Amino acid sequence: MKNKFPFIALTLALIMTLLAGCSGGGSGSEGETAGTDSKAASGEASSNAGNSGSGKETIQFWHSIGGKNGEFLDAMIKRFNSSQDKIEVVGTFQGSYQETVTKLQQAVAAKTAPDVTMLERSNVQLFADAEVLEDLAPYMEKSGLSKDDFEEGLMGHSYFNDKLISLPFNRSTPVMHINKSMLDEKGLSIPTTWDELKKTAEALVVKENGEVKRYGLTMPYDTWYPIAMITQAGGKFFNDEGTSVGYTTEASKTFKYLKELQNAGALYYPPSQDSGNITNQMFTSGKVGILFQSTGSISGLTQGAKFDYVTAFLPQDKQYATPTGGGNVAMMAASKHKDAAWEFMHWLMTSPEGAQQFVIDTGYLPFTKQMVDSDAIKQLWEKEPNRKVAFEQLQYAVDTNKSVQWPQVEQEFNKAIQAIMYDNKDVDATLNSYKEEVDRILKN
């Protein structure tokens, strides 16, 4: 597999560039890379030098978290560096998830890759198949950890080729955000099914002189939400063999449902540019009653909402189902500092000052059973019950887009979404053309 990597690197770099221009951020992206970071990389590969000026062994850690959450990550790294006197972790912001993938591919080819890297969970397989990620199982065993210590719903992108090559870190899931005050005014209950959601969304619509002043439902432009609905309808994004899409009627049902709501004025489907901020602002300003959005938005929505704001599971059709998003951490196989790199990763997973505090600070999901059972998380959930909903929904987590060709497939899926939701193209004809193209991609 290793000899395929330069080819994959070149093609994926091009694909990611195209995706950056046409996508709303990719499945599972909740805008955590929107800000800048004091350690932002210029695009040059980092050095794998083994010693810092303090005499400590230096570990390079690449990540994709900017803005306020990036500050929380910097603080976490500082806590680790202060906790012992042998290892110095240097965290470097590499841009978006897609930008990090491209830079990491270039660094692998140049043999200047970091020791530890963050990867958006759907990109892990690309590097796993290229055999450039370290098998973490032996390190886990020596440390007394096992897969049973982690939440099962977040481990779907950790095992490839019978190896444990990544662990959850900054993980999220979409949930339903609700202006309960608005529902209460209409005597409406929180919807739990698609049928209930349709009736509720339509009942919340306010029109003046034929113009919609208030919508029932909205969601960012992203593949995340249609994928969730397709699985709720009983479909799979890929078939079990990975040779084709795993649905036909379920995708048609999903988009016809959304178009019916859109045409009735009950669904506001935003422009692709800055769609997350647009939909969040509509929700907090009372211009829409229900929002599908990441758990990573709960903190900001809580601050902006001047009404009774609650969260709930995404409604079910045939079943409850939700994709997950966010990033995992992995160790590079070429690292010359693997024991030190693992010591950092182990600290992330097990120390209350590590990822647990980062989760509390940011709103990402707790991913180990130790975190979930901790007094700190229990107190957080008691204070902010909206954040517990996303964790409870993990029992219905489904990994639907596991494929090394996912970036190309996502690009085609975005085209289909745009054609249907923006250009009013025929749903079935669009999906048939999309399926033909995906089948072609998967055969290559």
# chains A, B, ... in the order shown; residues from 1 in each chain; ligands from 1
$ residues_around --residues "Lys142 in chain A" --least-positions-apart "4" --cutoff "12 Å" --atoms "only C-alpha atoms" --output "ChimeraX atom specification"
/A:136-138,146,339,342-343,346
$ residues_around --residues "Val124 in chain A" --least-positions-apart "2" --cutoff "10 Å" --atoms "only C-alpha atoms" --output "PyMOL selection string"
chain A and resi 101+118-122+126-129+133+157-160+165-166+327-330+402-404
$ write_last_selection --atoms "C-alpha atoms" --output "PDB file, in the first residue's frame"
ATOM      1  CA  VAL A 101      -4.739  16.425   5.220  1.00  0.00           C
ATOM      2  CA  MET A 118      -5.408  15.302  14.360  1.00  0.00           C
ATOM      3  CA  LEU A 119      -7.473  13.909  11.495  1.00  0.00           C
ATOM      4  CA  GLU A 120     -11.148  14.471  10.786  1.00  0.00           C
ATOM      5  CA  ARG A 121     -12.552  11.001  11.382  1.00  0.00           C
ATOM      6  CA  SER A 122     -13.588  10.421   7.745  1.00  0.00           C
ATOM      7  CA  LEU A 126      -6.857   7.408   3.744  1.00  0.00           C
ATOM      8  CA  PHE A 127      -3.744   7.368   5.939  1.00  0.00           C
ATOM      9  CA  ALA A 128      -4.517   3.951   7.379  1.00  0.00           C
ATOM     10  CA  ASP A 129      -4.572   2.427   3.898  1.00  0.00           C
ATOM     11  CA  LEU A 133      -0.139   5.496  11.028  1.00  0.00           C
ATOM     12  CA  HIS A 157     -13.038   5.345  12.593  1.00  0.00           C
ATOM     13  CA  SER A 158     -10.383   3.925  14.913  1.00  0.00           C
ATOM     14  CA  TYR A 159      -9.854   0.418  13.511  1.00  0.00           C
ATOM     15  CA  PHE A 160      -8.645  -0.263   9.980  1.00  0.00           C
ATOM     16  CA  ILE A 165      -4.671   3.562  14.409  1.00  0.00           C
ATOM     17  CA  SER A 166      -6.613   6.510  15.883  1.00  0.00           C
ATOM     18  CA  GLY A 327     -11.430  14.703  14.816  1.00  0.00           C
ATOM     19  CA  ASN A 328      -9.368  11.786  16.073  1.00  0.00           C
ATOM     20  CA  VAL A 329      -5.717  11.776  17.061  1.00  0.00           C
ATOM     21  CA  ALA A 330      -3.154   9.414  15.568  1.00  0.00           C
ATOM     22  CA  LYS A 402     -16.218   5.048   5.581  1.00  0.00           C
ATOM     23  CA  SER A 403     -14.343   4.888   2.288  1.00  0.00           C
ATOM     24  CA  VAL A 404     -10.927   5.935   1.091  1.00  0.00           C
TER      25      VAL A 404
END
$ closest_atom_pairs --of "range 188-297 of chain A" --to "range 176-181 of chain A" --cutoff "8 Å" --atoms "only C-alpha atoms" --output "Markdown table"
| residue | atom | partner | partner_atom | distance |
| --- | --- | --- | --- | --- |
| A:Ile190 | CA | A:Lys180 | CA | 7.8 |
| A:Phe283 | CA | A:Asn179 | CA | 7.7 |
| A:Gly286 | CA | A:Asn179 | CA | 7.8 |
| A:Gly289 | CA | A:Asn179 | CA | 5.1 |
| A:Ile290 | CA | A:Ile178 | CA | 4.7 |
| A:Leu291 | CA | A:His177 | CA | 5.0 |
| A:Phe292 | CA | A:Met176 | CA | 4.8 |
| A:Gln293 | CA | A:Met176 | CA | 6.6 |
$ atom_distance --atom1 "CA of Ser294 in chain A" --atom2 "CA of Thr248 in chain A"
26.4 Å
$ residues_around --residues "Val212 in chain A" --least-positions-apart "6" --cutoff "12 Å" --atoms "only C-alpha atoms" --output "JSON, numbers by chain"
{"A": [202, 204, 205, 206, 262, 263, 264, 265, 266, 267, 268, 287, 288]}
$ closest_residue --among "A:Val427, A:Met371, A:Leu183, A:Ile278" --to "Tyr309 in chain A" --atoms "only C-alpha atoms"
A:Leu183
$ select_by_dssp --residues "range 63-223 of chain A" --states "strand (DSSP E or B)" --output "ChimeraX atom specification"
/A:63,87-93,116-120,133,150,159-160,163-164,167-172,174-179,193,206-208,211-218
$ closest_residue --among "A:Glu152, A:Leu73, A:Ile59, A:Gln273" --to "Tyr221 in chain A" --atoms "only C-alpha atoms"
A:Gln273
$ closest_residue --among "A:Asp149, A:Glu185, A:Glu99, A:Glu260" --to "Lys199 in chain A" --atoms "only C-alpha atoms"
A:Glu260
$ atom_distance --atom1 "CA of Gln408 in chain A" --atom2 "CA of Leu442 in chain A"
9.4 Å
$ closest_atom_pairs --of "range 383-430 of chain A" --to "range 351-360 of chain A" --cutoff "12 Å" --atoms "only C-alpha atoms" --output "tab-separated table"
residue	atom	partner	partner_atom	distance
A:Lys383	CA	A:Ile360	CA	11.7
A:Glu384	CA	A:Ile360	CA	10.8
A:Arg387	CA	A:Ile360	CA	10.0
A:Lys388	CA	A:Ile360	CA	11.7
A:Phe391	CA	A:Val359	CA	11.9
$ atom_distance --atom1 "CA of Met76 in chain A" --atom2 "CA of Thr350 in chain A"
13.1 Å
$ select_by_dssp --residues "range 258-353 of chain A" --states "alpha helix (DSSP H)" --output "PyMOL selection string"
chain A and resi 258-263+275-284+298-304+338-350
$ write_last_selection --atoms "C-alpha atoms" --output "tab-separated table (two decimals), in the first residue's frame"
chain	number	residue	atom	x	y	z
A	258	LEU	CA	-36.99	18.45	2.48
A	259	LYS	CA	-38.26	19.95	-0.78
A	260	GLU	CA	-41.85	19.68	0.36
A	261	LEU	CA	-40.98	21.62	3.52
A	262	GLN	CA	-38.93	24.13	1.53
A	263	ASN	CA	-41.69	24.74	-1.00
A	275	SER	CA	-24.39	28.77	6.30
A	276	GLY	CA	-23.63	27.73	9.87
A	277	ASN	CA	-23.47	31.28	11.17
A	278	ILE	CA	-26.55	32.26	9.16
A	279	THR	CA	-28.69	29.47	10.56
A	280	ASN	CA	-27.41	29.99	14.12
A	281	GLN	CA	-28.27	33.69	13.97
A	282	MET	CA	-31.71	32.93	12.59
A	283	PHE	CA	-32.32	30.60	15.51
A	284	THR	CA	-31.14	32.95	18.25
A	298	ILE	CA	-24.57	24.66	22.06
A	299	SER	CA	-22.40	27.09	23.98
A	300	GLY	CA	-22.84	29.92	21.47
A	301	LEU	CA	-26.56	29.29	21.06
A	302	THR	CA	-27.02	29.28	24.83
A	303	GLN	CA	-25.38	32.68	25.06
A	304	GLY	CA	-27.46	34.11	22.21
A	338	LYS	CA	6.93	7.17	19.76
A	339	ASP	CA	7.18	6.50	23.49
A	340	ALA	CA	7.04	10.21	24.25
A	341	ALA	CA	4.24	10.69	21.72
A	342	TRP	CA	2.24	7.95	23.41
A	343	GLU	CA	2.85	9.47	26.83
A	344	PHE	CA	1.18	12.64	25.55
A	345	MET	CA	-1.68	10.73	23.96
A	346	HIS	CA	-2.16	8.62	27.10
A	347	TRP	CA	-2.31	11.80	29.18
A	348	LEU	CA	-4.94	13.20	26.79
A	349	MET	CA	-7.09	10.12	27.24
A	350	THR	CA	-6.76	9.61	31.00
$ closest_residue --among "A:Gly70, A:Pro191, A:Gly55, A:Met331" --to "Tyr139 in chain A" --atoms "only C-alpha atoms"
A:Met331
$ residues_around --residues "range 315-324 of chain A" --least-positions-apart "6" --cutoff "9 Å" --atoms "only C-alpha atoms" --output "PyMOL selection string"
chain A and resi 27-28+121+153-154+171-176+191-197+224-225+227-234+393-401
$ write_last_selection --atoms "C-alpha atoms" --output "mmCIF file, in the first residue's frame"
data_model
loop_
_atom_site.group_PDB
_atom_site.id
_atom_site.type_symbol
_atom_site.label_atom_id
_atom_site.label_comp_id
_atom_site.auth_asym_id
_atom_site.auth_seq_id
_atom_site.Cartn_x
_atom_site.Cartn_y
_atom_site.Cartn_z
ATOM 1 C CA SER A 27 -19.489 16.230 6.829
ATOM 2 C CA GLY A 28 -19.165 16.823 10.496
ATOM 3 C CA ARG A 121 -12.552 11.001 11.382
ATOM 4 C CA GLY A 153 -20.350 5.177 19.225
ATOM 5 C CA LEU A 154 -17.146 7.193 18.665
ATOM 6 C CA ARG A 171 -15.852 14.677 18.543
ATOM 7 C CA SER A 172 -19.362 15.930 17.927
ATOM 8 C CA THR A 173 -22.758 14.889 16.618
ATOM 9 C CA PRO A 174 -25.693 16.832 15.158
ATOM 10 C CA VAL A 175 -28.701 17.367 17.422
ATOM 11 C CA MET A 176 -32.015 19.182 17.183
ATOM 12 C CA PRO A 191 -41.140 16.373 17.535
ATOM 13 C CA THR A 192 -39.709 12.872 17.702
ATOM 14 C CA THR A 193 -40.606 11.639 14.200
ATOM 15 C CA TRP A 194 -40.419 13.035 10.669
ATOM 16 C CA ASP A 195 -44.205 13.292 10.533
ATOM 17 C CA GLU A 196 -44.278 15.256 13.779
ATOM 18 C CA LEU A 197 -41.419 17.458 12.599
ATOM 19 C CA TRP A 224 -23.976 15.799 7.486
ATOM 20 C CA TYR A 225 -27.724 16.358 7.746
ATOM 21 C CA ILE A 227 -26.667 11.646 5.578
ATOM 22 C CA ALA A 228 -28.359 11.563 8.993
ATOM 23 C CA MET A 229 -31.807 11.545 7.389
ATOM 24 C CA ILE A 230 -30.941 8.869 4.839
ATOM 25 C CA THR A 231 -29.864 6.568 7.668
ATOM 26 C CA GLN A 232 -32.981 7.469 9.671
ATOM 27 C CA ALA A 233 -34.996 6.312 6.656
ATOM 28 C CA GLY A 234 -33.180 2.971 6.784
ATOM 29 C CA GLN A 393 -27.872 10.173 21.216
ATOM 30 C CA LEU A 394 -24.589 8.299 20.631
ATOM 31 C CA GLN A 395 -26.437 5.040 21.211
ATOM 32 C CA TYR A 396 -27.813 5.610 17.691
ATOM 33 C CA ALA A 397 -24.494 6.622 16.100
ATOM 34 C CA VAL A 398 -23.914 5.159 12.631
ATOM 35 C CA ASP A 399 -20.714 5.410 10.576
ATOM 36 C CA THR A 400 -22.024 5.847 7.064
ATOM 37 C CA ASN A 401 -19.196 7.349 5.016
#
$ closest_residue --among "A:Ser189, A:Asn444, A:Ser297, A:Thr223" --to "Ala416 in chain A" --atoms "only C-alpha atoms"
A:Thr223
